[in-house]
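Here is the file input.tsv (TSV, C-alpha atoms and all ligand atoms).
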```tsv
chain	number	residue	atom	x	y	z
A	1	MET	CA	-0.59	7.50	19.20
A	2	ARG	CA	-2.29	8.13	15.89
A	3	ILE	CA	-3.34	5.09	13.88
A	4	TYR	CA	-3.98	5.58	10.17
A	5	GLU	CA	-5.72	2.89	8.18
A	6	ALA	CA	-4.28	2.09	4.77
A	7	LYS	CA	-6.23	0.13	2.17
A	8	ASP	CA	-3.47	-2.35	1.48
A	9	TYR	CA	0.32	-2.81	1.38
A	10	ASP	CA	0.85	-0.32	-1.47
A	11	ASP	CA	-1.26	2.32	0.22
A	12	MET	CA	0.62	1.76	3.50
A	13	SER	CA	3.94	2.11	1.65
A	14	ARG	CA	2.91	5.35	-0.03
A	15	LYS	CA	1.55	6.87	3.17
A	16	ALA	CA	4.72	5.93	5.06
A	17	ALA	CA	6.94	7.36	2.32
A	18	ASN	CA	4.94	10.60	2.55
A	19	ILE	CA	5.89	10.91	6.20
A	20	ILE	CA	9.61	10.21	5.66
A	21	PHE	CA	9.46	12.60	2.70
A	22	ALA	CA	7.99	15.33	4.92
A	23	GLN	CA	10.58	14.67	7.64
A	24	VAL	CA	13.53	14.97	5.22
A	25	THR	CA	12.01	18.02	3.51
A	26	MET	CA	11.41	19.81	6.82
A	27	LYS	CA	14.81	18.89	8.25
A	28	PRO	CA	17.29	17.92	5.51
A	29	ASP	CA	20.03	17.10	8.06
A	30	CYS	CA	17.79	14.84	10.16
A	31	THR	CA	18.72	11.49	11.67
A	32	LEU	CA	16.45	8.68	10.54
A	33	GLY	CA	16.25	5.42	12.46
A	34	LEU	CA	15.69	2.73	9.83
A	35	ALA	CA	14.26	-0.76	9.78
A	36	THR	CA	14.49	-3.83	7.56
A	37	GLY	CA	12.13	-6.73	6.85
A	38	SER	CA	9.55	-7.20	4.10
A	39	THR	CA	7.30	-4.45	5.37
A	40	PRO	CA	9.36	-1.35	4.49
A	41	ILE	CA	10.49	-2.53	1.02
A	42	GLY	CA	7.60	-0.77	-0.78
A	43	MET	CA	8.19	2.40	1.22
A	44	TYR	CA	11.90	2.44	0.29
A	45	GLN	CA	10.97	1.86	-3.37
A	46	ASN	CA	8.63	4.82	-3.21
A	47	LEU	CA	11.36	7.03	-1.72
A	48	VAL	CA	13.82	5.93	-4.42
A	49	GLU	CA	11.24	6.87	-7.10
A	50	ARG	CA	10.84	10.31	-5.58
A	51	TYR	CA	14.60	10.68	-5.40
A	52	ASN	CA	14.84	9.78	-9.11
A	53	ALA	CA	12.18	12.38	-9.83
A	54	GLY	CA	14.37	14.97	-8.10
A	55	ASP	CA	11.97	15.54	-5.22
A	56	ILE	CA	14.02	14.42	-2.23
A	57	ASP	CA	17.65	14.93	-1.26
A	58	PHE	CA	19.42	12.56	1.16
A	59	SER	CA	22.82	14.26	1.03
A	60	GLU	CA	22.62	15.61	4.58
A	61	VAL	CA	20.65	12.73	6.12
A	62	THR	CA	22.19	10.46	8.77
A	63	THR	CA	20.77	7.02	9.44
A	64	ALA	CA	20.94	4.49	12.25
A	65	ASN	CA	19.50	1.02	11.76
A	66	LEU	CA	17.67	-0.84	14.46
A	67	ASP	CA	19.34	-4.20	14.27
A	68	GLU	CA	21.63	-6.71	12.58
A	69	TYR	CA	22.14	-10.44	12.81
A	70	ARG	CA	25.18	-11.43	14.88
A	71	GLY	CA	27.83	-13.46	13.08
A	72	ILE	CA	26.94	-12.41	9.56
A	73	GLU	CA	29.18	-10.73	6.98
A	74	PRO	CA	27.98	-7.51	5.31
A	75	THR	CA	28.44	-9.27	1.97
A	76	ASN	CA	25.87	-11.91	2.97
A	77	GLU	CA	22.67	-11.14	1.06
A	78	GLN	CA	20.62	-11.74	4.20
A	79	SER	CA	22.51	-9.22	6.31
A	80	TYR	CA	20.66	-6.04	7.12
A	81	TYR	CA	23.71	-4.15	5.86
A	82	TYR	CA	23.19	-5.74	2.44
A	83	PHE	CA	19.44	-5.08	2.62
A	84	MET	CA	19.90	-1.37	3.28
A	85	ASN	CA	22.33	-0.99	0.39
A	86	GLU	CA	20.08	-2.94	-1.91
A	87	HIS	CA	16.87	-1.10	-1.10
A	88	LEU	CA	18.01	2.43	-0.32
A	89	PHE	CA	21.62	3.47	0.22
A	90	SER	CA	22.99	2.51	-3.21
A	91	LYS	CA	20.00	4.11	-4.93
A	92	VAL	CA	20.00	7.59	-3.41
A	93	ASN	CA	22.58	10.28	-2.70
A	94	ILE	CA	23.13	9.41	0.95
A	95	ASP	CA	26.71	9.71	2.23
A	96	LYS	CA	27.67	6.15	3.24
A	97	ASN	CA	29.80	7.62	6.05
A	98	ASN	CA	26.57	8.86	7.59
A	99	THR	CA	24.90	5.44	7.71
A	100	ASN	CA	25.13	3.31	10.84
A	101	ILE	CA	24.22	-0.33	11.43
A	102	PRO	CA	25.29	-2.63	14.28
A	103	ASP	CA	28.38	-4.58	13.21
A	104	GLY	CA	27.28	-8.20	12.86
A	105	THR	CA	30.89	-9.33	12.43
A	106	ASN	CA	31.90	-8.11	15.88
A	107	MET	CA	31.49	-11.21	18.04
A	108	ASP	CA	32.38	-9.31	21.22
A	109	VAL	CA	28.86	-8.67	22.49
A	110	GLU	CA	29.74	-6.13	25.17
A	111	ALA	CA	32.07	-4.16	22.93
A	112	GLU	CA	29.64	-4.01	20.01
A	113	SER	CA	26.65	-3.11	22.19
A	114	ALA	CA	28.61	-0.31	23.87
A	115	ARG	CA	30.04	0.89	20.54
A	116	TYR	CA	26.63	1.18	18.89
A	117	GLU	CA	25.07	2.87	21.89
A	118	GLN	CA	27.94	5.39	21.78
A	119	VAL	CA	27.35	5.96	18.05
A	120	LEU	CA	23.71	6.77	18.79
A	121	ARG	CA	24.68	9.12	21.63
A	122	THR	CA	27.14	10.91	19.35
A	123	LEU	CA	24.42	11.41	16.74
A	124	GLY	CA	22.49	13.31	19.39
A	125	GLY	CA	19.19	11.53	19.00
A	126	VAL	CA	17.02	10.09	16.27
A	127	ASP	CA	14.48	12.49	14.76
A	128	MET	CA	12.24	9.80	13.30
A	129	GLN	CA	12.47	6.09	13.98
A	130	LEU	CA	10.87	3.70	11.50
A	131	LEU	CA	9.64	0.41	12.96
A	132	GLY	CA	8.04	-2.76	11.70
A	133	ILE	CA	6.60	-5.28	14.12
A	134	GLY	CA	7.07	-9.00	14.46
A	135	ARG	CA	4.18	-11.47	14.67
A	136	ASN	CA	4.97	-11.89	18.36
A	137	GLY	CA	5.02	-8.13	18.90
A	138	HIS	CA	8.79	-7.69	18.70
A	139	ILE	CA	10.20	-4.31	17.70
A	140	GLY	CA	13.72	-4.20	16.33
A	141	PHE	CA	14.76	-7.58	17.67
A	142	ASN	CA	13.45	-6.95	21.18
A	143	GLU	CA	11.74	-10.27	21.71
A	144	PRO	CA	8.97	-10.93	24.26
A	145	GLY	CA	10.43	-11.47	27.72
A	146	GLU	CA	10.19	-10.68	31.39
A	147	GLU	CA	11.66	-7.18	31.15
A	148	PHE	CA	12.27	-4.36	28.73
A	149	VAL	CA	16.00	-4.29	27.94
A	150	LYS	CA	17.03	-0.65	27.75
A	151	GLU	CA	20.07	-0.30	25.54
A	152	THR	CA	21.66	-1.97	22.52
A	153	HIS	CA	22.23	-5.63	23.30
A	154	CYS	CA	22.51	-9.07	21.80
A	155	VAL	CA	19.38	-11.24	21.78
A	156	ASP	CA	18.64	-14.90	21.26
A	157	LEU	CA	15.96	-14.86	18.59
A	158	ALA	CA	12.62	-16.43	19.46
A	159	GLU	CA	11.81	-19.71	17.70
A	160	SER	CA	8.85	-18.01	16.02
A	161	THR	CA	11.14	-15.25	14.67
A	162	ILE	CA	13.63	-17.79	13.32
A	163	GLU	CA	10.70	-19.59	11.72
A	164	ALA	CA	9.30	-16.34	10.26
A	165	ASN	CA	12.68	-15.29	8.86
A	166	LYS	CA	13.61	-18.64	7.38
A	167	ARG	CA	11.87	-17.64	4.14
A	168	PHE	CA	14.90	-15.47	3.35
A	169	PHE	CA	17.44	-18.27	3.86
A	170	ASP	CA	18.18	-21.55	2.09
A	171	SER	CA	17.25	-23.53	5.19
A	172	ILE	CA	16.23	-22.88	8.78
A	173	ASP	CA	19.73	-23.93	9.89
A	174	ASP	CA	21.16	-20.94	8.03
A	175	VAL	CA	19.03	-18.41	9.95
A	176	PRO	CA	21.25	-16.70	12.54
A	177	LYS	CA	20.13	-17.44	16.09
A	178	GLN	CA	21.27	-14.15	17.56
A	179	ALA	CA	21.12	-10.48	16.67
A	180	TYR	CA	22.20	-7.08	17.90
A	181	THR	CA	19.34	-4.68	18.44
A	182	MET	CA	18.71	-1.24	19.77
A	183	GLY	CA	17.11	-1.55	23.20
A	184	ILE	CA	13.65	-0.38	24.14
A	185	GLN	CA	14.90	2.80	25.77
A	186	THR	CA	17.10	3.48	22.74
A	187	ILE	CA	14.02	3.23	20.52
A	188	MET	CA	11.82	5.23	22.88
A	189	LYS	CA	14.31	8.13	22.90
A	190	ALA	CA	13.47	8.90	19.24
A	191	LYS	CA	11.56	12.17	18.90
A	192	LYS	CA	9.01	10.60	16.55
A	193	ILE	CA	8.21	6.99	15.77
A	194	LEU	CA	6.62	5.71	12.55
A	195	LEU	CA	5.44	2.11	12.72
A	196	ILE	CA	4.23	0.38	9.59
A	197	VAL	CA	2.45	-2.94	9.45
A	198	SER	CA	0.61	-4.96	6.86
A	199	GLY	CA	-1.23	-8.25	6.71
A	200	GLU	CA	-3.55	-10.41	8.74
A	201	ASP	CA	-0.71	-12.41	10.29
A	202	LYS	CA	0.22	-9.24	12.20
A	203	ALA	CA	-3.34	-8.50	13.40
A	204	ASP	CA	-2.83	-10.13	16.83
A	205	ALA	CA	0.43	-8.28	17.40
A	206	VAL	CA	-1.23	-4.99	16.42
A	207	ALA	CA	-4.26	-5.49	18.70
A	208	LYS	CA	-2.11	-6.53	21.66
A	209	SER	CA	0.52	-3.83	21.15
A	210	PHE	CA	-1.78	-0.87	20.76
A	211	PHE	CA	-4.88	-1.88	22.70
A	212	GLY	CA	-3.58	-4.29	25.36
A	213	PRO	CA	-1.64	-3.79	28.58
A	214	VAL	CA	1.89	-2.42	28.39
A	215	THR	CA	4.09	-5.43	29.05
A	216	PRO	CA	7.51	-6.77	28.00
A	217	LYS	CA	5.63	-9.90	26.91
A	218	VAL	CA	4.46	-7.76	23.98
A	219	PRO	CA	7.43	-5.44	23.33
A	220	GLY	CA	5.51	-3.20	20.89
A	221	SER	CA	3.09	-2.29	23.70
A	222	ILE	CA	5.71	0.09	25.15
A	223	LEU	CA	4.95	2.42	22.23
A	224	GLN	CA	1.72	3.38	24.01
A	225	MET	CA	3.99	5.32	26.38
A	226	HIS	CA	5.66	7.37	23.63
A	227	GLN	CA	4.26	10.82	22.98
A	228	ASP	CA	4.64	10.93	19.21
A	229	VAL	CA	3.87	7.68	17.44
A	230	ILE	CA	2.24	7.33	14.04
A	231	VAL	CA	1.06	3.86	13.05
A	232	ILE	CA	0.19	3.15	9.44
A	233	ALA	CA	-1.52	-0.19	9.23
A	234	ASP	CA	-3.47	-1.75	6.44
A	235	ARG	CA	-7.01	-3.06	6.94
A	236	ALA	CA	-5.90	-6.65	7.36
A	237	ALA	CA	-3.44	-5.70	10.11
A	238	LEU	CA	-6.16	-3.73	11.93
A	239	SER	CA	-8.74	-6.50	11.60
A	240	LYS	CA	-8.52	-7.59	15.27
A	241	CYS	CA	-8.50	-4.11	16.79
A	242	PRO	CA	-11.49	-2.83	18.76
A	243	ARG	CA	-13.63	-0.54	16.64
B	301	LIG	C1	12.37	-8.71	11.68
B	301	LIG	C2	13.16	-7.43	12.06
B	301	LIG	C3	12.23	-6.34	12.53
B	301	LIG	C4	11.02	-6.33	11.64
B	301	LIG	C5	10.21	-7.57	11.89
B	301	LIG	C6	9.09	-7.78	10.91
B	301	LIG	O1	12.82	-9.87	12.23
B	301	LIG	N1	14.19	-7.58	13.00
B	301	LIG	O2	12.91	-5.10	12.56
B	301	LIG	O3	10.22	-5.21	11.91
B	301	LIG	O4	11.01	-8.71	12.04
B	301	LIG	O5	9.56	-8.22	9.68
B	301	LIG	P1	8.69	-8.29	8.39
B	301	LIG	O6	8.47	-6.85	7.97
B	301	LIG	O7	9.52	-9.04	7.38
B	301	LIG	O8	7.43	-8.96	8.76
```

Could I get this file's structure written as structure tokens?
Amino acid sequence: MRIYEAKDYDDMSRKAANIIFAQVTMKPDCTLGLATGSTPIGMYQNLVERYNAGDIDFSEVTTANLDEYRGIEPTNEQSYYYFMNEHLFSKVNIDKNNTNIPDGTNMDVEAESARYEQVLRTLGGVDMQLLGIGRNGHIGFNEPGEEFVKETHCVDLAESTIEANKRFFDSIDDVPKQAYTMGIQTIMKAKKILLIVSGEDKADAVAKSFFGPVTPKVPGSILQMHQDVIVIADRAALSKCPR
């Protein structure tokens, strides 16, 4: 695991965009695993700017998103489907047929989990998986628990996650209580992982995930077992790490 310190959010975003830029330049037909949340917005903006400058081509790229709320329409502005269109897909030359996100409208948990896992198998592996991290150490929507759940599944969101995500909704009652997420093994199968994190409120999660014991109580800690992880964290997010 290589941890790079960024000065601040903008610096983190630029450094992360550099890595995605390099990945797409080196392998134009790569599969990118993508993430949502506040953290990657600056990175996506940076990639869109480079696309507008004619420096990056997404025409052969395939994407697979980590997660999606269950029971939410793609037209809902808080859906991750909507987010991806808003921040990246509608702004670059990606072929929409090559973008994949769990289907939040499919209420059949077993069918949707199996379908998405099959989609990922058919893609033949993710070249680079982008991750953010939750304040409780969750990756994707793999919440702290007693075990690492391997494959795509439906989760009950932790109270703290519902609380953290309520800022995007009109009220806490509107925040979905469940989500589909890639499992831990699904994430760990990616050839490379790029985790980005910013802000002091993530400093505990960062210290525990990258310097503590590997445990499903801190899902991000499993990344210590992956052979090719790059973490780009700003100073505030690294503030509780051992020096
Ligand atoms: C969300 C998403 C994660 C994301 C994390 C952090 O709930 N499911 O994929 O990495 O929580 O989000 P943010 O970047 O907004 O802090």

Extending 6 Å beyond the listed atoms of ligand LIG 301 (chain B) on each side, what axis-aligned box results? I want centre and edge lengths in Å to one decimal, as JSON.
```
{"center_x": 10.8, "center_y": -7.5, "center_z": 10.2, "size_x": 18.8, "size_y": 16.8, "size_z": 17.6}
```

- Item | Best match for closeness to A:Gln185 among A:Val214, A:Ala237, A:Val149, A:Leu130, counting all atoms listed in the file | A:Val149

- Item | Close residues, A:Tyr4 itself excluded, 7 Å, all atoms listed in the file, min 4 positions apart in chain, as a VMD selection string | chain A and resid 231 to 233

Store the residues of this selection in a file with C-alpha atoms, as a compact mmCIF listing (two decimals), in the frame of the given file.
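Saved file result-v8.txt follows:
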```
# COMPACT_ATOMS: atom_id res chain seq x y z
CA VAL A 231 1.06 3.86 13.05
CA ILE A 232 0.19 3.15 9.44
CA ALA A 233 -1.52 -0.19 9.23
```

- So which residues are near ligand LIG 301 (chain B), meaning at most 7 Å away with only C-alpha atoms and all ligand atoms counted, given back as a PyMOL selection string? chain A and resi 35-40+66-67+131-134+138-141+161+165

- Excluding same-chain residues fewer than 3 positions from A:Gly183, what lies within 8 Å of it counting all atoms listed in the file, as a ChimeraX atom specification? /A:142,148-153,186-187

- Message: Env of A:Asp170: 12 Å cut, atoms = all atoms listed in the file, seq-sep filter 5 positions within chain, self excluded. Answer as number ranges by chain.
- Response: A: 77-78, 165, 175-176

- Determine, counting all atoms listed in the file, which protein, DNA and RNA residues have an atom within 12 Å of an atom of A:Ala17; residues of the same chain fewer than 4 positions away are not included. Present the result as a PyMOL selection string. chain A and resi 10-13+21-25+40-51+56+130+194-196+232

Selection export as a short mmCIF file (atom, residue, chain, number, x, y, z; two decimals), in the frame of the given file, atoms kept: C-alpha atoms:
```cif
data_model
loop_
_atom_site.label_atom_id
_atom_site.label_comp_id
_atom_site.auth_asym_id
_atom_site.auth_seq_id
_atom_site.Cartn_x
_atom_site.Cartn_y
_atom_site.Cartn_z
CA ASP A 10 0.85 -0.32 -1.47
CA ASP A 11 -1.26 2.32 0.22
CA MET A 12 0.62 1.76 3.50
CA SER A 13 3.94 2.11 1.65
CA PHE A 21 9.46 12.60 2.70
CA ALA A 22 7.99 15.33 4.92
CA GLN A 23 10.58 14.67 7.64
CA VAL A 24 13.53 14.97 5.22
CA THR A 25 12.01 18.02 3.51
CA PRO A 40 9.36 -1.35 4.49
CA ILE A 41 10.49 -2.53 1.02
CA GLY A 42 7.60 -0.77 -0.78
CA MET A 43 8.19 2.40 1.22
CA TYR A 44 11.90 2.44 0.29
CA GLN A 45 10.97 1.86 -3.37
CA ASN A 46 8.63 4.82 -3.21
CA LEU A 47 11.36 7.03 -1.72
CA VAL A 48 13.82 5.93 -4.42
CA GLU A 49 11.24 6.87 -7.10
CA ARG A 50 10.84 10.31 -5.58
CA TYR A 51 14.60 10.68 -5.40
CA ILE A 56 14.02 14.42 -2.23
CA LEU A 130 10.87 3.70 11.50
CA LEU A 194 6.62 5.71 12.55
CA LEU A 195 5.44 2.11 12.72
CA ILE A 196 4.23 0.38 9.59
CA ILE A 232 0.19 3.15 9.44
#
```

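As for atom CA of A:Gly33 and atom CA of A:Asn85, they are spaced 15.0 Å apart.
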
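The nearest approach to A:Ile230 among the residues A:Tyr80, A:Gly199, A:Gln129, A:Arg135, with all atoms listed in the file taken into account, belongs to A:Gln129.
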
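As for atom CA of A:Ile222 and atom CA of A:Tyr81, they are spaced 26.7 Å apart.
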
- From atom CA of A:Ala203 to atom CA of A:Pro242 the spacing works out at 11.3 Å

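Distances to A:Met84 were evaluated for A:Ser160, A:Asp173, A:Tyr116, A:Glu68 using only C-alpha atoms, and the minimum falls at A:Glu68.
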